[in-house]
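Asker: I am sharing coords-v5.csv, which consists of CSV, C-alpha atoms:
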chain,number,residue,atom,x,y,z
A,29,MET,CA,-25.6,55.3,-4.1
A,30,GLU,CA,-23.2,58.2,-3.9
A,31,TYR,CA,-22.6,57.6,-0.2
A,32,LEU,CA,-21.9,53.9,-0.8
A,33,VAL,CA,-19.2,54.9,-3.4
A,34,LEU,CA,-17.8,57.5,-1.0
A,35,ALA,CA,-17.7,54.9,1.8
A,36,LEU,CA,-15.7,52.5,-0.5
A,37,PHE,CA,-13.2,55.2,-1.2
A,38,ALA,CA,-12.9,56.0,2.5
A,39,VAL,CA,-12.2,52.4,3.3
A,40,GLY,CA,-9.7,52.2,0.5
A,41,GLY,CA,-8.0,55.3,1.7
A,42,TYR,CA,-7.7,53.8,5.2
A,43,PHE,CA,-6.1,50.6,4.0
A,44,ILE,CA,-3.8,52.2,1.4
A,45,SER,CA,-2.5,54.9,3.7
A,46,GLY,CA,-2.0,52.3,6.5
A,47,ILE,CA,1.0,51.1,4.5
A,48,ASN,CA,3.9,52.8,6.2
A,49,PRO,CA,7.1,53.3,4.2
A,50,ALA,CA,9.1,54.4,7.2
A,51,ILE,CA,8.4,51.1,9.0
A,52,ILE,CA,9.0,49.0,5.8
A,53,LEU,CA,12.3,50.7,5.0
A,54,SER,CA,13.6,50.8,8.5
A,55,LYS,CA,13.1,47.1,8.8
A,56,ALA,CA,14.3,46.2,5.3
A,57,VAL,CA,17.3,48.4,5.1
A,58,TYR,CA,18.4,49.1,8.7
A,59,LYS,CA,17.0,46.0,10.4
A,60,GLN,CA,15.3,48.2,13.0
A,61,ASP,CA,11.8,49.2,13.7
A,62,ILE,CA,11.5,53.0,13.4
A,63,ARG,CA,8.8,52.8,16.1
A,64,GLU,CA,11.5,51.7,18.6
A,65,CYS,CA,13.9,54.5,17.6
A,66,GLY,CA,14.0,58.2,18.6
A,67,SER,CA,10.6,59.6,19.3
A,68,GLY,CA,9.0,56.3,18.2
A,69,ASN,CA,7.0,58.0,15.5
A,70,PRO,CA,7.0,56.1,12.2
A,71,GLY,CA,7.2,59.2,10.0
A,72,PHE,CA,9.6,61.3,7.9
A,73,THR,CA,11.0,63.5,10.7
A,74,ASN,CA,11.9,60.7,13.1
A,75,PHE,CA,13.2,58.6,10.2
A,76,LYS,CA,15.5,61.4,9.1
A,77,ARG,CA,16.8,62.1,12.6
A,78,THR,CA,17.4,58.4,13.2
A,79,PHE,CA,18.8,57.2,9.9
A,80,GLY,CA,19.8,60.4,8.1
A,81,SER,CA,18.6,61.9,4.8
A,82,LYS,CA,19.5,59.0,2.4
A,83,LEU,CA,16.1,57.3,2.5
A,84,ALA,CA,14.2,59.9,4.5
A,85,TYR,CA,13.1,61.8,1.4
A,86,VAL,CA,12.0,58.5,-0.2
A,87,VAL,CA,9.7,58.0,2.9
A,88,MET,CA,8.4,61.5,2.4
A,89,VAL,CA,7.6,61.0,-1.3
A,90,LEU,CA,5.9,57.6,-0.6
A,91,ASP,CA,3.8,59.1,2.2
A,92,LEU,CA,2.7,61.9,-0.2
A,93,VAL,CA,1.9,59.5,-3.0
A,94,LYS,CA,0.0,57.0,-0.8
A,95,ALA,CA,-2.4,59.8,0.2
A,96,ALA,CA,-2.6,61.5,-3.2
A,97,VAL,CA,-3.7,58.4,-5.1
A,98,PRO,CA,-6.8,57.5,-3.2
A,99,THR,CA,-7.9,61.1,-2.6
A,100,LEU,CA,-7.5,62.0,-6.2
A,101,ALA,CA,-9.3,58.9,-7.3
A,102,ALA,CA,-12.2,59.7,-4.9
A,103,GLY,CA,-12.3,63.3,-6.0
A,104,LEU,CA,-12.4,62.5,-9.7
A,105,VAL,CA,-15.0,59.7,-9.4
A,106,MET,CA,-17.2,61.6,-7.0
A,107,GLY,CA,-16.9,64.8,-9.0
A,108,LYS,CA,-17.7,63.1,-12.3
A,109,LEU,CA,-20.6,61.1,-11.1
A,110,TYR,CA,-22.2,63.2,-8.4
A,111,GLY,CA,-20.6,66.7,-8.5
A,112,MET,CA,-18.9,66.0,-5.1
A,113,TYR,CA,-15.2,66.4,-5.8
A,114,GLN,CA,-14.4,68.3,-2.6
A,115,LEU,CA,-16.4,65.9,-0.4
A,116,GLY,CA,-14.7,62.9,-2.1
A,117,VAL,CA,-11.3,64.3,-1.4
A,118,THR,CA,-11.9,65.5,2.2
A,119,VAL,CA,-13.7,62.3,3.4
A,120,THR,CA,-11.1,60.1,1.9
A,121,CYS,CA,-8.4,62.3,3.4
A,122,PHE,CA,-9.8,61.9,6.9
A,123,PHE,CA,-10.0,58.1,6.6
A,124,ALA,CA,-6.5,58.0,5.0
A,125,MET,CA,-5.2,59.9,8.0
A,126,LEU,CA,-6.9,57.4,10.3
A,127,GLY,CA,-5.2,54.6,8.4
A,128,HIS,CA,-1.8,56.3,8.6
A,129,ALA,CA,-2.2,56.9,12.4
A,130,TYR,CA,-3.9,53.7,13.3
A,131,PRO,CA,-3.0,51.1,10.7
A,132,VAL,CA,-4.4,47.6,10.9
A,133,TRP,CA,-1.2,46.4,9.3
A,134,TYR,CA,1.0,47.4,12.2
A,135,ASN,CA,-1.1,46.8,15.3
A,136,PHE,CA,-2.8,50.2,15.0
A,137,LYS,CA,0.5,52.1,15.8
A,138,GLY,CA,1.3,54.6,13.1
A,139,GLY,CA,2.4,58.2,12.3
A,140,LYS,CA,0.9,61.6,12.8
A,141,GLY,CA,-0.4,62.2,9.3
A,142,PHE,CA,1.0,65.6,8.3
A,143,LEU,CA,2.2,64.4,4.8
A,144,VAL,CA,-1.0,62.6,4.2
A,145,CYS,CA,-3.0,65.7,5.1
A,146,LEU,CA,-0.7,67.9,3.0
A,147,ALA,CA,-0.9,65.7,-0.1
A,148,SER,CA,-4.7,65.7,0.2
A,149,MET,CA,-4.9,69.4,0.5
A,150,TRP,CA,-3.0,69.7,-2.8
A,151,ILE,CA,-5.5,67.4,-4.4
A,152,LEU,CA,-8.4,69.3,-2.9
A,153,ASP,CA,-7.1,72.6,-4.4
A,154,TRP,CA,-3.6,73.4,-5.6
A,155,LEU,CA,-3.9,76.9,-4.2
A,156,ILE,CA,-4.8,75.6,-0.8
A,157,GLY,CA,-1.8,73.2,-1.0
A,158,LEU,CA,0.5,75.9,-2.1
A,159,ILE,CA,-0.5,78.2,0.7
A,160,ALA,CA,0.0,75.5,3.3
A,161,THR,CA,3.3,74.5,1.9
A,162,GLY,CA,4.5,78.1,1.7
A,163,ILE,CA,3.6,78.7,5.4
A,164,MET,CA,5.3,75.5,6.4
A,165,VAL,CA,8.5,76.3,4.6
A,166,VAL,CA,8.7,79.9,5.9
A,167,LEU,CA,8.1,78.7,9.5
A,168,LEU,CA,10.5,75.8,9.3
A,169,LEU,CA,13.3,78.1,8.0
A,170,THR,CA,12.7,80.6,10.7
A,171,THR,CA,11.7,78.5,13.8
A,172,LYS,CA,13.4,75.2,12.9
A,173,TYR,CA,10.5,73.4,14.6
A,174,MET,CA,8.9,70.9,12.2
A,175,SER,CA,5.9,70.2,14.4
A,176,LEU,CA,5.0,73.8,14.9
A,177,SER,CA,5.5,74.6,11.2
A,178,THR,CA,3.3,71.7,10.1
A,179,MET,CA,0.5,72.4,12.5
A,180,LEU,CA,0.2,76.1,11.8
A,181,ALA,CA,0.5,75.4,8.0
A,182,MET,CA,-2.4,73.0,8.1
A,183,VAL,CA,-4.6,75.3,10.1
A,184,SER,CA,-4.6,77.5,7.0
A,185,CYS,CA,-6.3,74.9,4.9
A,186,PRO,CA,-9.9,75.0,6.2
A,187,ILE,CA,-9.6,78.7,6.5
A,188,ALA,CA,-8.5,79.0,2.8
A,189,LEU,CA,-11.3,76.6,1.8
A,190,ALA,CA,-13.9,78.6,3.6
A,191,ILE,CA,-12.7,81.8,1.9
A,192,MET,CA,-12.3,80.3,-1.5
A,193,GLY,CA,-15.6,78.5,-1.4
A,194,PHE,CA,-16.8,75.0,-0.7
A,195,GLU,CA,-19.4,72.9,-2.5
A,196,SER,CA,-20.9,71.6,0.7
A,197,ILE,CA,-20.6,72.3,4.4
A,198,TRP,CA,-19.5,68.6,4.9
A,199,ALA,CA,-16.5,69.2,2.7
A,200,LEU,CA,-15.4,72.0,5.0
A,201,VAL,CA,-16.2,69.9,8.1
A,202,PHE,CA,-14.1,67.0,7.0
A,203,CYS,CA,-11.3,69.3,6.0
A,204,ALA,CA,-11.3,70.8,9.5
A,205,LEU,CA,-11.6,67.4,11.1
A,206,SER,CA,-8.5,66.2,9.2
A,207,VAL,CA,-6.5,69.2,10.4
A,208,LEU,CA,-7.7,68.9,14.0
A,209,PHE,CA,-6.9,65.1,14.0
A,210,MET,CA,-3.4,65.9,12.8
A,211,ILE,CA,-2.9,68.4,15.6
A,212,TYR,CA,-4.2,65.9,18.1
A,213,ARG,CA,-1.6,63.4,16.9
A,214,HIS,CA,1.0,66.1,17.7
A,215,LYS,CA,0.0,66.4,21.4
A,216,ALA,CA,3.4,65.2,22.6
A,217,ASN,CA,5.1,67.7,20.4
A,218,ILE,CA,2.8,70.5,21.7
A,219,LEU,CA,3.8,69.6,25.3
A,220,ARG,CA,7.5,69.6,24.3
A,221,LEU,CA,7.1,73.0,22.6
A,222,TYR,CA,5.5,74.3,25.7
A,223,ASN,CA,8.3,73.0,27.9
A,224,GLY,CA,11.0,74.2,25.5
A,225,THR,CA,12.3,70.6,24.9
A,226,GLU,CA,11.2,70.1,21.3
A,227,SER,CA,14.0,69.1,18.9
A,228,LYS,CA,14.8,71.4,16.0
A,229,PHE,CA,14.8,70.1,12.4
A,230,THR,CA,18.0,70.1,10.4
A,231,PHE,CA,18.3,69.6,6.7
A,232,GLY,CA,21.7,67.8,6.8
A,233,LYS,CA,22.7,64.5,8.2
A,234,LYS,CA,21.1,62.7,11.1
A,235,ALA,CA,21.6,64.1,14.6
A,236,HIS,CA,24.2,62.4,16.8
Would you encode the structure as structure tokens?
Answerer:
Amino acid sequence: MEYLVLALFAVGGYFISGINPAIILSKAVYKQDIRECGSGNPGFTNFKRTFGSKLAYVVMVLDLVKAAVPTLAAGLVMGKLYGMYQLGVTVTCFFAMLGHAYPVWYNFKGGKGFLVCLASMWILDWLIGLIATGIMVVLLLTTKYMSLSTMLAMVSCPIALAIMGFESIWALVFCALSVLFMIYRHKANILRLYNGTESKFTFGKKAH
């Protein structure tokens, strides 16, 4: 029974996280599809570079919330009923990232999943989320590369979970799978970093 409940949360996470605020706001406010602008990625960074900061941070918050809600619900229910809080969070996180990256609502063309993954790590354990966020902020301030900062930050999550303790090996496996999937989604960024052509992140207005 517990795995049926877990599967329902996984499916719910997929569909909820498939709703993309960057696509919705770009079309509703700017009459453009963010997937046809800049890098083509329907996420916070490309939205900010294309349209500026005005609504970019709204996109960021909504991406965090759409992941936090299903993963928290899964964790609480699975934890209360079956003592599987971490497994509920990590499995739902993985499927939420699939929904964000390959959303049925938008012809399976979505984002890279960093914010979905980060929000889920905060739900998994606030200390893991804090470590990842701290690493990301430090790297972003020093390197100015959002992609590099996010990837290295998320690598810390399964390492921290392994050190702090996990309730089942599958919770650790799905945590690691989520991070590896996010890195895979950044393959174009990795190539640009290697070639020295990756754009740097700015905190001000959109790039011209």
Asker: Using atom CA of A:Ser148 and atom CA of A:Phe75 as the two end points, give the distance in Å to one decimal.
Answerer: 21.7 Å
Asker: Please work out which residues fall within 12 Å of (13.2, 62.3, 15.3), coordinates as given in the file, with only C-alpha atoms counting, and return them as a PyMOL selection string.
Answerer: chain A and resi 62-81+84+139+173-175+217+226-230+234-236
Asker: Please report the interatomic distance between atom CA of A:Met125 and atom CA of A:Leu180 in Å with one decimal.
Answerer: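 Interatomic distance here is 17.5 Å.
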Asker: Between A:Leu155, A:Val207, A:Leu92, A:Val132, which one has atoms that come closest to A:Ile191, using all atoms listed in the file?
Answerer: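 Closest residue, counting all atoms listed in the file: A:Leu155.
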Asker: Have a look at A:His128, A:Lys215, A:Arg220, A:Lys82 and name the one nearest to A:Pro49; count all atoms listed in the file.
Answerer: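 Residue with the minimum atom-to-atom distance to A:Pro49: A:His128.
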Asker: For stretch 97-108 of chain A, work out the shell of residues within 8 Å, counting only C-alpha atoms and skipping chain neighbours fewer than 6 positions away, then give it as a list in words.
Answerer: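 Residues near the query, excluding close chain neighbours: Glu30, Val33, Leu34, Phe37, Gly40, Gly41, Ile44, Gln114, Leu115, Gly116, Val117, Thr118, Thr120, Cys121, Ser148, Ile151 and Leu152 of chain A.
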Asker: Since the input lacks atoms, please generate N, CA and C atoms for stretch 125-161 of chain A and provide them as a PDB file, in the coordinates of the input.
Answerer:
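Contents of rebuild-v7.pdb, freshly written:
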ATOM      1  N   MET A 125      -5.958  59.463   6.840  1.00  0.00           N
ATOM      2  CA  MET A 125      -5.200  59.900   8.000  1.00  0.00           C
ATOM      3  C   MET A 125      -5.412  58.885   9.177  1.00  0.00           C
ATOM      4  N   LEU A 126      -6.641  58.407   9.322  1.00  0.00           N
ATOM      5  CA  LEU A 126      -6.900  57.400  10.300  1.00  0.00           C
ATOM      6  C   LEU A 126      -6.082  56.122  10.042  1.00  0.00           C
ATOM      7  N   GLY A 127      -6.017  55.760   8.755  1.00  0.00           N
ATOM      8  CA  GLY A 127      -5.200  54.600   8.400  1.00  0.00           C
ATOM      9  C   GLY A 127      -3.761  54.775   8.653  1.00  0.00           C
ATOM     10  N   HIS A 128      -3.247  55.970   8.391  1.00  0.00           N
ATOM     11  CA  HIS A 128      -1.800  56.300   8.600  1.00  0.00           C
ATOM     12  C   HIS A 128      -1.540  56.258  10.139  1.00  0.00           C
ATOM     13  N   ALA A 129      -2.447  56.800  10.926  1.00  0.00           N
ATOM     14  CA  ALA A 129      -2.200  56.900  12.400  1.00  0.00           C
ATOM     15  C   ALA A 129      -2.512  55.614  13.116  1.00  0.00           C
ATOM     16  N   TYR A 130      -3.550  54.901  12.673  1.00  0.00           N
ATOM     17  CA  TYR A 130      -3.900  53.700  13.300  1.00  0.00           C
ATOM     18  C   TYR A 130      -4.072  52.536  12.327  1.00  0.00           C
ATOM     19  N   PRO A 131      -2.934  52.113  11.750  1.00  0.00           N
ATOM     20  CA  PRO A 131      -3.000  51.100  10.700  1.00  0.00           C
ATOM     21  C   PRO A 131      -3.227  49.696  11.182  1.00  0.00           C
ATOM     22  N   VAL A 132      -4.159  49.035  10.553  1.00  0.00           N
ATOM     23  CA  VAL A 132      -4.400  47.600  10.900  1.00  0.00           C
ATOM     24  C   VAL A 132      -3.237  46.751  10.635  1.00  0.00           C
ATOM     25  N   TRP A 133      -2.387  47.167   9.669  1.00  0.00           N
ATOM     26  CA  TRP A 133      -1.200  46.400   9.300  1.00  0.00           C
ATOM     27  C   TRP A 133      -0.149  46.341  10.369  1.00  0.00           C
ATOM     28  N   TYR A 134      -0.117  47.331  11.259  1.00  0.00           N
ATOM     29  CA  TYR A 134       1.000  47.400  12.200  1.00  0.00           C
ATOM     30  C   TYR A 134       0.433  47.598  13.653  1.00  0.00           C
ATOM     31  N   ASN A 135      -0.570  46.793  13.987  1.00  0.00           N
ATOM     32  CA  ASN A 135      -1.100  46.800  15.300  1.00  0.00           C
ATOM     33  C   ASN A 135      -1.644  48.183  15.745  1.00  0.00           C
ATOM     34  N   PHE A 136      -2.132  48.945  14.759  1.00  0.00           N
ATOM     35  CA  PHE A 136      -2.800  50.200  15.000  1.00  0.00           C
ATOM     36  C   PHE A 136      -1.793  51.279  15.583  1.00  0.00           C
ATOM     37  N   LYS A 137      -0.503  51.117  15.314  1.00  0.00           N
ATOM     38  CA  LYS A 137       0.500  52.100  15.800  1.00  0.00           C
ATOM     39  C   LYS A 137       1.149  52.725  14.558  1.00  0.00           C
ATOM     40  N   GLY A 138       0.770  53.959  14.258  1.00  0.00           N
ATOM     41  CA  GLY A 138       1.300  54.600  13.100  1.00  0.00           C
ATOM     42  C   GLY A 138       1.765  56.026  13.312  1.00  0.00           C
ATOM     43  N   GLY A 139       1.790  56.817  12.254  1.00  0.00           N
ATOM     44  CA  GLY A 139       2.400  58.200  12.300  1.00  0.00           C
ATOM     45  C   GLY A 139       1.337  59.240  12.624  1.00  0.00           C
ATOM     46  N   LYS A 140       1.752  60.483  12.404  1.00  0.00           N
ATOM     47  CA  LYS A 140       0.900  61.600  12.800  1.00  0.00           C
ATOM     48  C   LYS A 140       0.083  62.192  11.672  1.00  0.00           C
ATOM     49  N   GLY A 141       0.454  61.905  10.439  1.00  0.00           N
ATOM     50  CA  GLY A 141      -0.400  62.200   9.300  1.00  0.00           C
ATOM     51  C   GLY A 141      -0.233  63.529   8.613  1.00  0.00           C
ATOM     52  N   PHE A 142       0.831  64.275   8.911  1.00  0.00           N
ATOM     53  CA  PHE A 142       1.000  65.600   8.300  1.00  0.00           C
ATOM     54  C   PHE A 142       1.122  65.431   6.737  1.00  0.00           C
ATOM     55  N   LEU A 143       1.993  64.544   6.274  1.00  0.00           N
ATOM     56  CA  LEU A 143       2.200  64.400   4.800  1.00  0.00           C
ATOM     57  C   LEU A 143       0.958  63.900   4.125  1.00  0.00           C
ATOM     58  N   VAL A 144       0.223  63.031   4.789  1.00  0.00           N
ATOM     59  CA  VAL A 144      -1.000  62.600   4.200  1.00  0.00           C
ATOM     60  C   VAL A 144      -2.011  63.717   4.072  1.00  0.00           C
ATOM     61  N   CYS A 145      -2.087  64.535   5.094  1.00  0.00           N
ATOM     62  CA  CYS A 145      -3.000  65.700   5.100  1.00  0.00           C
ATOM     63  C   CYS A 145      -2.531  66.710   4.013  1.00  0.00           C
ATOM     64  N   LEU A 146      -1.236  66.973   3.950  1.00  0.00           N
ATOM     65  CA  LEU A 146      -0.700  67.900   3.000  1.00  0.00           C
ATOM     66  C   LEU A 146      -0.981  67.512   1.554  1.00  0.00           C
ATOM     67  N   ALA A 147      -0.692  66.244   1.250  1.00  0.00           N
ATOM     68  CA  ALA A 147      -0.900  65.700  -0.100  1.00  0.00           C
ATOM     69  C   ALA A 147      -2.400  65.874  -0.474  1.00  0.00           C
ATOM     70  N   SER A 148      -3.264  65.572   0.470  1.00  0.00           N
ATOM     71  CA  SER A 148      -4.700  65.700   0.200  1.00  0.00           C
ATOM     72  C   SER A 148      -5.149  67.089  -0.033  1.00  0.00           C
ATOM     73  N   MET A 149      -4.532  68.048   0.658  1.00  0.00           N
ATOM     74  CA  MET A 149      -4.900  69.400   0.500  1.00  0.00           C
ATOM     75  C   MET A 149      -4.484  69.927  -0.932  1.00  0.00           C
ATOM     76  N   TRP A 150      -3.351  69.427  -1.439  1.00  0.00           N
ATOM     77  CA  TRP A 150      -3.000  69.700  -2.800  1.00  0.00           C
ATOM     78  C   TRP A 150      -3.981  69.173  -3.804  1.00  0.00           C
ATOM     79  N   ILE A 151      -4.485  67.962  -3.500  1.00  0.00           N
ATOM     80  CA  ILE A 151      -5.500  67.400  -4.400  1.00  0.00           C
ATOM     81  C   ILE A 151      -6.811  68.132  -4.265  1.00  0.00           C
ATOM     82  N   LEU A 152      -7.154  68.582  -3.065  1.00  0.00           N
ATOM     83  CA  LEU A 152      -8.400  69.300  -2.900  1.00  0.00           C
ATOM     84  C   LEU A 152      -8.385  70.607  -3.706  1.00  0.00           C
ATOM     85  N   ASP A 153      -7.300  71.360  -3.631  1.00  0.00           N
ATOM     86  CA  ASP A 153      -7.100  72.600  -4.400  1.00  0.00           C
ATOM     87  C   ASP A 153      -5.670  72.957  -4.416  1.00  0.00           C
ATOM     88  N   TRP A 154      -5.073  73.095  -5.570  1.00  0.00           N
ATOM     89  CA  TRP A 154      -3.600  73.400  -5.600  1.00  0.00           C
ATOM     90  C   TRP A 154      -3.261  74.643  -4.902  1.00  0.00           C
ATOM     91  N   LEU A 155      -4.169  75.612  -4.899  1.00  0.00           N
ATOM     92  CA  LEU A 155      -3.900  76.900  -4.200  1.00  0.00           C
ATOM     93  C   LEU A 155      -3.840  76.685  -2.707  1.00  0.00           C
ATOM     94  N   ILE A 156      -4.754  75.880  -2.191  1.00  0.00           N
ATOM     95  CA  ILE A 156      -4.800  75.600  -0.800  1.00  0.00           C
ATOM     96  C   ILE A 156      -3.474  74.848  -0.385  1.00  0.00           C
ATOM     97  N   GLY A 157      -3.081  73.880  -1.206  1.00  0.00           N
ATOM     98  CA  GLY A 157      -1.800  73.200  -1.000  1.00  0.00           C
ATOM     99  C   GLY A 157      -0.628  74.069  -1.008  1.00  0.00           C
ATOM    100  N   LEU A 158      -0.624  74.996  -1.962  1.00  0.00           N
ATOM    101  CA  LEU A 158       0.500  75.900  -2.100  1.00  0.00           C
ATOM    102  C   LEU A 158       0.590  76.862  -0.907  1.00  0.00           C
ATOM    103  N   ILE A 159      -0.549  77.350  -0.434  1.00  0.00           N
ATOM    104  CA  ILE A 159      -0.500  78.200   0.700  1.00  0.00           C
ATOM    105  C   ILE A 159       0.008  77.502   1.953  1.00  0.00           C
ATOM    106  N   ALA A 160      -0.476  76.278   2.183  1.00  0.00           N
ATOM    107  CA  ALA A 160       0.000  75.500   3.300  1.00  0.00           C
ATOM    108  C   ALA A 160       1.467  75.188   3.242  1.00  0.00           C
ATOM    109  N   THR A 161       1.915  74.793   2.061  1.00  0.00           N
ATOM    110  CA  THR A 161       3.300  74.500   1.900  1.00  0.00           C
ATOM    111  C   THR A 161       4.198  75.705   2.082  1.00  0.00           C
TER     112      THR A 161
END
